[in-house]
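Please read the structure below before turning to the comments.
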Amino acid sequence: MKSAVQNAGSNATLRVCRPALFIGMALLAGLTLAAPSRAAAPENDPIKDAIRKMFDIAYVPVQSPIIAKIFSASFYDVTSKIKGGDMASKLRVARIGDRVVLLEDTTTTHPMPVFLSTIKKDFRITKDEDAALFENTLDRLFPVGGFGGDDSKHKEIRRTKESVTFVRGAFFDKRKGFILTLAADGSVTGVTYSLDIKK
């Protein structure tokens, strides 16, 4: 009798006797029924193993002395590419203690609670110099790009007592960028990325 491995096209020559196969399948079925619905994936997960073999994944720390002044996290650029291919995708992650989290993208208008959670609780924006310091880190973490034009010529900081807007480029007849809401003491209470900032 051919084993399941041989039936799947492997060249292995394992031989499994019927009683042992029956007992093994019964044990597997019992474990499946007894396992909780949210059981962790096995350590030798064939899907994970296959993905690791298909992709080259590399990560590089985002280094800047200013980042440590403002953020309680460290940041990394993560690049994944199919082995042998030319196309690569890049993501940015943050390490907060022992947790690694994916930062929100900047392709649509939405709040950014993960990015907000990386900002130190004692960081304050109370003057233009503080806002300029924060913009410096944005330049490192979310570099100004360009789609059909030069977004860098639209860079601007707009500050009020309640918020700071970091314009990072144009989006049709509007502007796009980060809006930080501030408490009375200048601490950051919210971060939103917006494609709907007025000129």
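Scheme for the structure tokens: letters A, B, ... for chains in order shown; per-chain residue numbers from 1; ligand numbers from 1 in order shown.
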
Exercise: A:Ser194 partners within 12 Å, only C-alpha atoms, chain neighbours under 6 positions left out, as an MDAnalysis selection string:
chainID A and resid 105:112 165:171 174:180

Write to file, as a compact mmCIF listing (two decimals), in the first residue's frame, the residues of the selection just made, with C-alpha atoms.
```txt
# COMPACT_ATOMS: atom_id res chain seq x y z
CA ASP A 105 -0.67 53.17 4.95
CA THR A 106 -1.02 56.65 3.48
CA THR A 107 -3.25 55.87 0.52
CA THR A 108 -6.61 57.01 1.91
CA THR A 109 -8.17 59.19 4.59
CA HIS A 110 -8.28 57.36 7.91
CA PRO A 111 -7.22 57.59 11.57
CA MET A 112 -3.83 56.11 12.47
CA THR A 165 -1.34 69.75 9.92
CA PHE A 166 1.66 68.49 8.01
CA VAL A 167 0.90 68.94 4.31
CA ARG A 168 2.85 66.32 2.36
CA GLY A 169 1.69 66.90 -1.21
CA ALA A 170 -1.21 67.53 -3.58
CA PHE A 171 -4.18 65.28 -4.24
CA LYS A 174 -6.79 69.29 -2.40
CA ARG A 175 -3.77 68.63 -0.23
CA LYS A 176 -2.77 65.44 1.57
CA GLY A 177 -0.93 64.86 4.80
CA PHE A 178 -1.02 64.19 8.53
CA ILE A 179 -3.34 65.95 10.98
CA LEU A 180 -2.36 65.73 14.64
```

How would you write, as a ChimeraX atom specification, the set of residues in stretch 56-191 of chain A that DSSP gives as strand (DSSP E)?
/A:56-61,74-82,88-96,99-102,110-111,156-159,163-171,174-182,188-191

Using only C-alpha atoms, what does the table of stretch 41-62 of chain A residues within 10 Å of stretch 68-77 of chain A look like, with each row giving the shortest atom pair and its distance in Å to one decimal, sorted by chain and ascending number, as CSV?
```
residue,atom,partner,partner_atom,distance
A:Ala58,CA,A:Asp77,CA,8.2
A:Tyr59,CA,A:Asp77,CA,5.4
A:Val60,CA,A:Asp77,CA,5.2
A:Pro61,CA,A:Tyr76,CA,4.3
A:Val62,CA,A:Tyr76,CA,5.3
```

With N, CA and C atoms retained, export the selected residues as a PDB file, in the first residue's frame.
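For reference, again_36.pdb as written:
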```pdb
ATOM      1  N   ALA A  58      13.492  40.829   3.731  1.00  0.00           N
ATOM      2  CA  ALA A  58      14.602  41.520   4.388  1.00  0.00           C
ATOM      3  C   ALA A  58      14.041  42.711   5.155  1.00  0.00           C
ATOM      4  N   TYR A  59      14.708  43.083   6.233  1.00  0.00           N
ATOM      5  CA  TYR A  59      14.276  44.263   6.971  1.00  0.00           C
ATOM      6  C   TYR A  59      15.492  45.104   7.346  1.00  0.00           C
ATOM      7  N   VAL A  60      15.271  46.423   7.314  1.00  0.00           N
ATOM      8  CA  VAL A  60      16.339  47.379   7.592  1.00  0.00           C
ATOM      9  C   VAL A  60      15.808  48.388   8.602  1.00  0.00           C
ATOM     10  N   PRO A  61      16.530  48.665   9.680  1.00  0.00           N
ATOM     11  CA  PRO A  61      16.057  49.661  10.644  1.00  0.00           C
ATOM     12  C   PRO A  61      16.065  51.065  10.051  1.00  0.00           C
ATOM     13  N   VAL A  62      15.047  51.837  10.415  1.00  0.00           N
ATOM     14  CA  VAL A  62      15.000  53.250  10.034  1.00  0.00           C
ATOM     15  C   VAL A  62      15.769  54.003  11.114  1.00  0.00           C
TER      16      VAL A  62
END
```

What is the distance, in Å and to one decimal place, between atom CA of A:Val144 and atom CA of A:Lys121?
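Atom CA of A:Lys121 lies at a distance of 26.0 Å from atom CA of A:Val144.
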
I'd like the contact shell of A:Asp185 - 9 Å cut-off, only C-alpha atoms, skipping same-chain residues fewer than 2 positions apart - returned as a list in words.
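Listed by chain and then number, they are Arg124, Ile125, Thr126, Leu182, Ala183 and Ser187 of chain A.
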
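Note that atom CA of A:Asp173 and atom CA of A:Lys161 are 26.4 Å apart.
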
Exercise: A:Ile157 partners within 9 Å, only C-alpha atoms, chain neighbours under 2 positions left out, as number ranges by chain:
A: 128, 131-132, 135, 155, 159, 164-167

Selection: 6 Å around A:Ser80, only C-alpha atoms, excl. self and same-chain fewer than 4 positions, as a list in words:
Asp56, Ile57, Ala88 and Ser89 of chain A

Quick one: distance from atom CA of A:Ile197 to atom CA of A:Arg140 in Å, one decimal?
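Between these atoms lies a distance of 21.7 Å.
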
Under the rule that only C-alpha atoms are counted, which of A:Gly84, A:Thr79, A:Arg92, A:Ser117 is the nearest residue to A:Leu141?
A:Arg92

Distance criterion (only C-alpha atoms): nearest to A:His154 out of A:Ile51, A:Lys198, A:Leu133, A:Gly85
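The shortest atom-to-atom distance to A:His154 comes from A:Lys198.
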